[in-house]
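Colleague: My questions will all concern the structure given below.
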Amino acid sequence: MAPMPAEPMAVRAALGRVTVGYGKVLILSASALYIFDNIVPQLFGAEAVAGYKLVFFYCIAAAVYTFYLYMNFAGYMDIVIGIARLAGLELPENFNKPFASRGMIEFWSRWHMTLSNWSKQYSFIPIMRALMTRWPSKAAAPVIGIFTYFVVFMILGAWHGSTPIFVVYGFVLGLGVSLNKLWQVVLSAKLGHKSFRALSANPIYTYTARGLTIGYFAIALTAFWLDLGDVIELTGRIHVTGWILALIVLSVGWAVAAMGLDLLSKLFARPMAWDTAPAGLAFGAMAAILYTCVTAQTILNKGAGFVYAAF
Amino acid sequence: MQLSDLKTVLGQLLLLLFSFLTLSCVLLIVSLLVLPPPDRAAPIDTFRAENTVYTTSPRQIYYGRKGLRAEGEKVILLGSSNTQVGFDRQLLADRIDGVTFHNLGIGDANMTEIAQIADLARASIGQENLEGHIFVIGIWYATFIENANLWSSGDAAVFETDIDRERFRYGFQRAGANGPEGLISDRDADYAAIAVHPFIALEKAMRLVTADLRSLFFVRPPNFDTEVRNTMVYSDLQKSQALAYRRRYMTSDALTGEQYAVLDALVRSLTDAGAQVIVADLPIPIWHAQGIPYDADHSDRIAQTRAGLDEIAAFTYLDLRQLNTADSFYDDAHVRPRDIGPWIDGLANHIQTIRPAQNSNQ
């Protein structure tokens with residue numbers, strides 16, 4: 001890979017990318033972790049809340065953790081990609097607006113894309129090919145597809161850790177993508193491709209799907225911050241109805257938030273292009289982000305390590 | 001990468017650095033104008049730290065110590081939260097003329113942290129000879145909790161107190177093999193704090209803005225006003241919860257000599273430098289003292305420690321534990337504002353008896 005020559009505007013854009021990365025890690029992710037660390041102790045032990053409040057506090061913890069994980073991971077990726085660009089190198093992106101996903105399959109094409117692509121290349125395609133060779137029936141293809149999704153994501157989930165909870169995580173991920181695939185297969189068969197595409201473009205369907213996708217993923221991520229014993233204890237206290245309620249609260253919460261954010265971005269937001277903005281504005285904004293990073297770190301007084309280093 | 005590429009990158013980095021420094025200067029000026037630090041003459045009162053730009057006691061002690069640089073006779077109050085509450089700086093100052101009272105109490109401090117604060121006070125006073133100054137050390141059993149049980153490291157040798165955390169927060173100092181070390185000495189920290197004042201002011205602003213939100217979702221110690229502290233009464237359930245909490249807090253079932261040795265060393269160090277030292281043994285409600293094993297243990301150990309210190313002329317022991325009527329406390333350790341009089345009388349009278357120059361207005 002030959003380095004590209006450094007152009008001042010490209011360097012400024014790369015610095016902007018690095019600065020935004022630091023902002024994500026040191027301000028947004030660290031603040032989310034602070035909130036998370038103050039909420040989780042209230043789920044268990046002497047100061048635990050109960051009933052609906054417990055479900056609500058769990059939902060806050062799950063939502064905040066999801067936000068923390070994304071900001072931390074995506075922030076570090078921004079830093080790495082930006083620094084590489086300063087050196088004239090172009091690295092692959094790892095995220096592409098995952099919170100805009102309308103289903104678990106789409107989500108995994110936008111989240112941790114390097115791993116997803118690797119997994120597609122080295123497990124999904126070979127398994128699918130082997131099964132299709134063994135049972136070459138056209139009618140069996142959808143079933144094989146659903147099964148393969150389940151197996152691949154089961155492996156992907158279990159890959160994250162060596163404790164039993166990660167098997168549960170893999171199962172939940174596998175269940176999510178295979179249900180998503182089943183939904184696509186059944187609805188396409190029932191409505192036809194054209195009607196299904198029309199339904200997918202419907203705003204109510206879209207926001208419902210976006211809400212359910214992120215709500216489901218936030219619950220799946222519980223495996224990253226609770227062990228199996230805690231999950232069993234929590235289930236004993238909120239029951240299955242509590243988990244369903246949590247999925248509804250998280251899904252509705254994200255659907256409403258997504259609607260609000262989309263509306264705001266249409267009304268106000270002008271994407272900041274570091275390379276075309278006036279120099280004073282660009283460097284002023286970068287300085288403000290870095291200053292806020294320092295302030296946030298001195299207030300929170302804790303480091304902001306790379307969360308994925310633990311997996 | 002070519003040399004010309006490197007120059008391009010460095011040029012853009014310098015522009016970013018210049019922008020950052022300019023913004024820092026602007027914010028420094030704004031923060032000093034909007035939320036200024038206290039002036040040099042202001043006495044320190046950690047009981048009212050929340051009303052200052054520093055917000056918390058450790059931050060006020062570390063960054064807002066300029067008041068200790070002022071000339072004149074000082075009484076420095078050290079201890080944990082019951083010292084902050086019971087030895088009200090303002091009430092004591094009203095009782096005795098010609099001396100400045102500074103309350104450097106800090107919630108949940110043990111003797112190790114109290115000794116750190118005493119060292120900070122000495123650094124600010126800036127004199128080898130402490131003659132004319134009085135250090136009051138408020139104690140009760142919980143000030144003798146071992147370092148390994150109090151600080152999160154769980155290690156008696158390597159730990160970080162609230163004061164250490166402030167030392168390290170802005171990089172003034174860092175943890176070294178032989179204690180904190182770094183660019184800025186304890187004496188200069190209050191002046192160096194000017195450089196980080198925007199961060200301190202921004203934190204204050206953030207706390208003010210998010211106070212309601214944090215109280216809604218986070219568990220924080222309740223903040224009672226004077227009227228509530230005068231009238232609230234612990235139920236039997238609250239008493240048993242408080243005793244259970246204290247047992248969890250102390251971790252082990254008995255006190256060891258670790259922190260009594262720290263008290264002994266602190267008294268000797270201060271009196272060797274010429275200061276008068278009063279160790280004030282503070283009361284707790286009877287139900288609290290009788291409900292846990294530590295208070296009786298403390299009585300035995302403090303008697304032994306006193307026996308070793310009694311030979312020092314500048315050391316005196318003030319026993320206030322007879323003020324342990326259950327009704328005079330609003331919780332398990334803190335005196336009600338309406339019942340604070342005997343605490344103030346006890347300490348003020350004692351100070352009068354040991355002061356070289358009697359300037360009392362009583």
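Following the order of the structure tokens, chains are lettered A, B, ..., residues in each are numbered from 1, and ligands are numbered from 1.
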Return the neighbours of chain B among the residues of chain A, cut-off 10 Å, counting only C-alpha atoms, as number ranges by chain.

Modeller: A: 2-12, 14-16, 35-42, 47, 57, 60, 86-88, 279-292, 294-302

Colleague: Write a file of the just-selected residues containing N, CA and C atoms, as a compact mmCIF listing (two decimals), in the first residue's frame.

Modeller:
# COMPACT_ATOMS: atom_id res chain seq x y z
N ALA A 2 0.89 2.01 -1.09
CA ALA A 2 1.75 3.20 -1.17
C ALA A 2 1.05 4.40 -0.54
N PRO A 3 1.76 5.14 0.33
CA PRO A 3 1.12 6.29 0.96
C PRO A 3 0.77 7.37 -0.07
N MET A 4 -0.37 8.05 0.18
CA MET A 4 -0.77 9.14 -0.71
C MET A 4 -0.06 10.42 -0.28
N PRO A 5 0.23 11.34 -1.21
CA PRO A 5 0.86 12.59 -0.81
C PRO A 5 -0.07 13.42 0.06
N ALA A 6 0.52 14.18 1.01
CA ALA A 6 -0.29 14.95 1.95
C ALA A 6 -0.74 16.27 1.35
N GLU A 7 -2.04 16.46 1.25
CA GLU A 7 -2.61 17.74 0.83
C GLU A 7 -3.12 18.44 2.08
N PRO A 8 -2.92 19.77 2.20
CA PRO A 8 -3.33 20.46 3.43
C PRO A 8 -4.78 20.19 3.83
N MET A 9 -5.69 20.24 2.86
CA MET A 9 -7.11 20.05 3.20
C MET A 9 -7.39 18.61 3.62
N ALA A 10 -6.70 17.65 2.98
CA ALA A 10 -6.88 16.25 3.36
C ALA A 10 -6.32 16.01 4.76
N VAL A 11 -5.19 16.67 5.07
CA VAL A 11 -4.59 16.55 6.40
C VAL A 11 -5.54 17.14 7.43
N ARG A 12 -6.14 18.32 7.09
CA ARG A 12 -7.09 18.94 8.02
C ARG A 12 -8.28 18.01 8.25
N ALA A 14 -8.28 14.79 8.02
CA ALA A 14 -7.81 13.66 8.83
C ALA A 14 -7.71 14.06 10.31
N LEU A 15 -7.20 15.29 10.55
CA LEU A 15 -7.13 15.78 11.93
C LEU A 15 -8.53 15.90 12.53
N GLY A 16 -9.46 16.36 11.69
CA GLY A 16 -10.85 16.45 12.13
C GLY A 16 -11.40 15.09 12.51
N ILE A 35 -22.62 7.28 33.56
CA ILE A 35 -24.04 7.06 33.85
C ILE A 35 -24.29 5.57 34.11
N PHE A 36 -23.73 4.74 33.24
CA PHE A 36 -23.90 3.29 33.38
C PHE A 36 -23.41 2.81 34.74
N ASP A 37 -22.23 3.27 35.15
CA ASP A 37 -21.65 2.85 36.43
C ASP A 37 -22.49 3.29 37.63
N ASN A 38 -23.28 4.33 37.44
CA ASN A 38 -24.14 4.79 38.53
C ASN A 38 -25.51 4.13 38.53
N ILE A 39 -25.89 3.56 37.40
CA ILE A 39 -27.20 2.92 37.30
C ILE A 39 -27.13 1.44 37.71
N VAL A 40 -26.11 0.74 37.22
CA VAL A 40 -26.04 -0.72 37.41
C VAL A 40 -26.08 -1.15 38.89
N PRO A 41 -25.39 -0.45 39.81
CA PRO A 41 -25.49 -0.89 41.21
C PRO A 41 -26.91 -0.87 41.75
N GLN A 42 -27.79 -0.14 41.09
CA GLN A 42 -29.17 -0.08 41.57
C GLN A 42 -30.01 -1.25 41.06
N GLU A 47 -29.12 -1.86 47.44
CA GLU A 47 -29.81 -0.65 46.99
C GLU A 47 -30.65 -0.91 45.73
N PHE A 57 -34.92 0.90 34.91
CA PHE A 57 -33.49 1.15 35.15
C PHE A 57 -32.63 0.20 34.31
N ILE A 60 -32.46 1.70 30.92
CA ILE A 60 -31.50 2.83 30.86
C ILE A 60 -30.08 2.27 30.76
N LEU A 86 -3.29 10.58 8.02
CA LEU A 86 -2.18 11.55 8.19
C LEU A 86 -0.90 10.97 7.61
N ALA A 87 -0.79 9.65 7.71
CA ALA A 87 0.39 8.98 7.15
C ALA A 87 0.19 8.60 5.69
N GLY A 88 -0.93 9.01 5.11
CA GLY A 88 -1.18 8.75 3.69
C GLY A 88 -1.76 7.38 3.40
N ALA A 279 -10.91 27.92 7.74
CA ALA A 279 -9.89 27.40 8.65
C ALA A 279 -10.20 27.74 10.11
N GLY A 280 -10.62 28.99 10.36
CA GLY A 280 -10.92 29.41 11.73
C GLY A 280 -12.00 28.55 12.35
N LEU A 281 -13.05 28.28 11.57
CA LEU A 281 -14.16 27.47 12.07
C LEU A 281 -13.71 26.03 12.29
N ALA A 282 -12.99 25.49 11.34
CA ALA A 282 -12.56 24.08 11.45
C ALA A 282 -11.64 23.89 12.66
N PHE A 283 -10.60 24.72 12.76
CA PHE A 283 -9.66 24.53 13.88
C PHE A 283 -10.28 24.95 15.21
N GLY A 284 -11.17 25.95 15.17
CA GLY A 284 -11.89 26.34 16.39
C GLY A 284 -12.74 25.19 16.90
N ALA A 285 -13.44 24.52 15.98
CA ALA A 285 -14.29 23.39 16.38
C ALA A 285 -13.44 22.24 16.92
N MET A 286 -12.32 21.98 16.25
CA MET A 286 -11.43 20.91 16.73
C MET A 286 -10.90 21.24 18.12
N ALA A 287 -10.49 22.51 18.31
CA ALA A 287 -9.96 22.93 19.62
C ALA A 287 -11.04 22.79 20.68
N ALA A 288 -12.27 23.17 20.33
CA ALA A 288 -13.37 23.07 21.31
C ALA A 288 -13.62 21.61 21.69
N ILE A 289 -13.57 20.72 20.71
CA ILE A 289 -13.78 19.29 21.01
C ILE A 289 -12.66 18.78 21.93
N LEU A 290 -11.41 19.14 21.58
CA LEU A 290 -10.29 18.67 22.40
C LEU A 290 -10.35 19.25 23.81
N TYR A 291 -10.75 20.51 23.92
CA TYR A 291 -10.86 21.14 25.25
C TYR A 291 -11.94 20.42 26.07
N THR A 292 -13.05 20.09 25.40
CA THR A 292 -14.12 19.37 26.10
C THR A 292 -13.65 17.97 26.50
N VAL A 294 -10.60 17.17 27.42
CA VAL A 294 -9.79 17.33 28.64
C VAL A 294 -10.71 17.59 29.83
N THR A 295 -11.70 18.46 29.63
CA THR A 295 -12.62 18.79 30.73
C THR A 295 -13.36 17.53 31.19
N ALA A 296 -13.91 16.78 30.23
CA ALA A 296 -14.67 15.58 30.58
C ALA A 296 -13.80 14.58 31.33
N GLN A 297 -12.56 14.42 30.89
CA GLN A 297 -11.68 13.47 31.55
C GLN A 297 -11.31 13.91 32.96
N THR A 298 -11.11 15.22 33.16
CA THR A 298 -10.77 15.67 34.52
C THR A 298 -11.98 15.58 35.44
N ILE A 299 -13.17 15.75 34.87
CA ILE A 299 -14.38 15.63 35.71
C ILE A 299 -14.63 14.16 36.04
N LEU A 300 -14.61 13.32 35.03
CA LEU A 300 -14.92 11.90 35.25
C LEU A 300 -13.76 11.19 35.94
N ASN A 301 -12.56 11.69 35.72
CA ASN A 301 -11.37 11.20 36.41
C ASN A 301 -11.15 9.70 36.26
N LYS A 302 -11.41 9.20 35.07
CA LYS A 302 -11.09 7.79 34.82
C LYS A 302 -10.68 7.63 33.37

Colleague: Just the residues within 8 Å of B:Val85, please, counting only C-alpha atoms, with nothing from its chain fewer than 2 positions along; format it as a list in words.

Modeller: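 Once the nearby chain positions are removed, what remains is Phe47, Ser81, Asn82, Thr83, Phe87, Asp88, His334 and Val335 of chain B.
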
Colleague: Just to be explicit: take each residue in the selection above, keep C-alpha atoms, and write the result as a compact mmCIF listing (two decimals), in the first residue's frame.

Modeller:
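See again.txt below for the written result:
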# COMPACT_ATOMS: atom_id res chain seq x y z
CA PHE B 47 -18.55 22.20 55.55
CA SER B 81 -17.70 14.80 58.52
CA ASN B 82 -18.69 15.01 62.19
CA THR B 83 -15.83 17.49 62.68
CA PHE B 87 -17.05 22.24 64.92
CA ASP B 88 -18.79 24.89 62.85
CA HIS B 334 -23.81 14.06 63.20
CA VAL B 335 -25.01 16.57 65.78

Colleague: Find the residues around B:Asp264 up to 8 Å (only C-alpha atoms counted), leave out those fewer than 3 positions away in its own chain, and share them as a PyMOL selection string.

Modeller: chain B and resi 260-261+267-268+305+309

Colleague: Using DSSP on the backbone coordinates, identify all residues within stretch 152-224 of chain B classified as strand (DSSP E or B); present the result as a ChimeraX atom specification.

Modeller: /B:174-176,179-181

Colleague: From the DSSP assignment of the backbone, select every residue of stretch 23-103 of chain A that is alpha helix (DSSP H), and format the answer as a PyMOL selection string.

Modeller: chain A and resi 30-39+51-86

Colleague: Please write the residues from the selection above to a file, keeping C-alpha atoms, as an mmCIF file, in the first residue's frame.

Modeller:
data_model
loop_
_atom_site.group_PDB
_atom_site.id
_atom_site.type_symbol
_atom_site.label_atom_id
_atom_site.label_comp_id
_atom_site.auth_asym_id
_atom_site.auth_seq_id
_atom_site.Cartn_x
_atom_site.Cartn_y
_atom_site.Cartn_z
ATOM 1 C CA ALA A 30 -16.833 8.178 28.974
ATOM 2 C CA SER A 31 -19.960 10.118 29.994
ATOM 3 C CA ALA A 32 -22.130 7.145 29.056
ATOM 4 C CA LEU A 33 -19.893 4.871 31.136
ATOM 5 C CA TYR A 34 -20.239 7.260 34.096
ATOM 6 C CA ILE A 35 -24.040 7.063 33.854
ATOM 7 C CA PHE A 36 -23.900 3.290 33.375
ATOM 8 C CA ASP A 37 -21.652 2.848 36.431
ATOM 9 C CA ASN A 38 -24.135 4.795 38.533
ATOM 10 C CA ILE A 39 -27.205 2.920 37.304
ATOM 11 C CA GLY A 51 -40.850 -3.900 39.875
ATOM 12 C CA TYR A 52 -41.395 -1.604 36.905
ATOM 13 C CA LYS A 53 -38.628 0.689 38.151
ATOM 14 C CA LEU A 54 -36.203 -2.233 37.870
ATOM 15 C CA VAL A 55 -37.234 -2.839 34.243
ATOM 16 C CA PHE A 56 -36.930 0.886 33.525
ATOM 17 C CA PHE A 57 -33.490 1.147 35.147
ATOM 18 C CA TYR A 58 -32.376 -1.976 33.262
ATOM 19 C CA CYS A 59 -33.519 -0.301 30.036
ATOM 20 C CA ILE A 60 -31.500 2.825 30.857
ATOM 21 C CA ALA A 61 -28.436 0.691 31.627
ATOM 22 C CA ALA A 62 -28.851 -1.350 28.413
ATOM 23 C CA ALA A 63 -29.373 1.740 26.249
ATOM 24 C CA VAL A 64 -26.482 3.628 27.814
ATOM 25 C CA TYR A 65 -24.166 0.623 27.499
ATOM 26 C CA THR A 66 -25.042 0.238 23.806
ATOM 27 C CA PHE A 67 -24.301 3.930 23.256
ATOM 28 C CA TYR A 68 -21.047 3.613 25.250
ATOM 29 C CA LEU A 69 -19.907 0.565 23.284
ATOM 30 C CA TYR A 70 -20.607 2.205 19.939
ATOM 31 C CA MET A 71 -19.000 5.548 20.809
ATOM 32 C CA ASN A 72 -15.940 3.860 22.262
ATOM 33 C CA PHE A 73 -15.437 1.432 19.390
ATOM 34 C CA ALA A 74 -16.362 3.870 16.610
ATOM 35 C CA GLY A 75 -14.303 6.623 18.266
ATOM 36 C CA TYR A 76 -11.175 4.501 18.368
ATOM 37 C CA MET A 77 -11.782 3.551 14.736
ATOM 38 C CA ASP A 78 -12.020 7.259 13.816
ATOM 39 C CA ILE A 79 -8.697 7.867 15.568
ATOM 40 C CA VAL A 80 -7.009 4.941 13.827
ATOM 41 C CA ILE A 81 -8.417 5.778 10.385
ATOM 42 C CA GLY A 82 -7.572 9.491 10.840
ATOM 43 C CA ILE A 83 -3.995 8.823 11.935
ATOM 44 C CA ALA A 84 -3.552 6.402 9.040
ATOM 45 C CA ARG A 85 -4.728 9.142 6.659
ATOM 46 C CA LEU A 86 -2.182 11.550 8.190
#

Colleague: Could you please determine the separation between atom CA of B:Glu71 and atom CA of B:Ile44 in Å, to one decimal place?

Modeller: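 For atom CA of B:Glu71 relative to atom CA of B:Ile44, the distance reads 14.3 Å.
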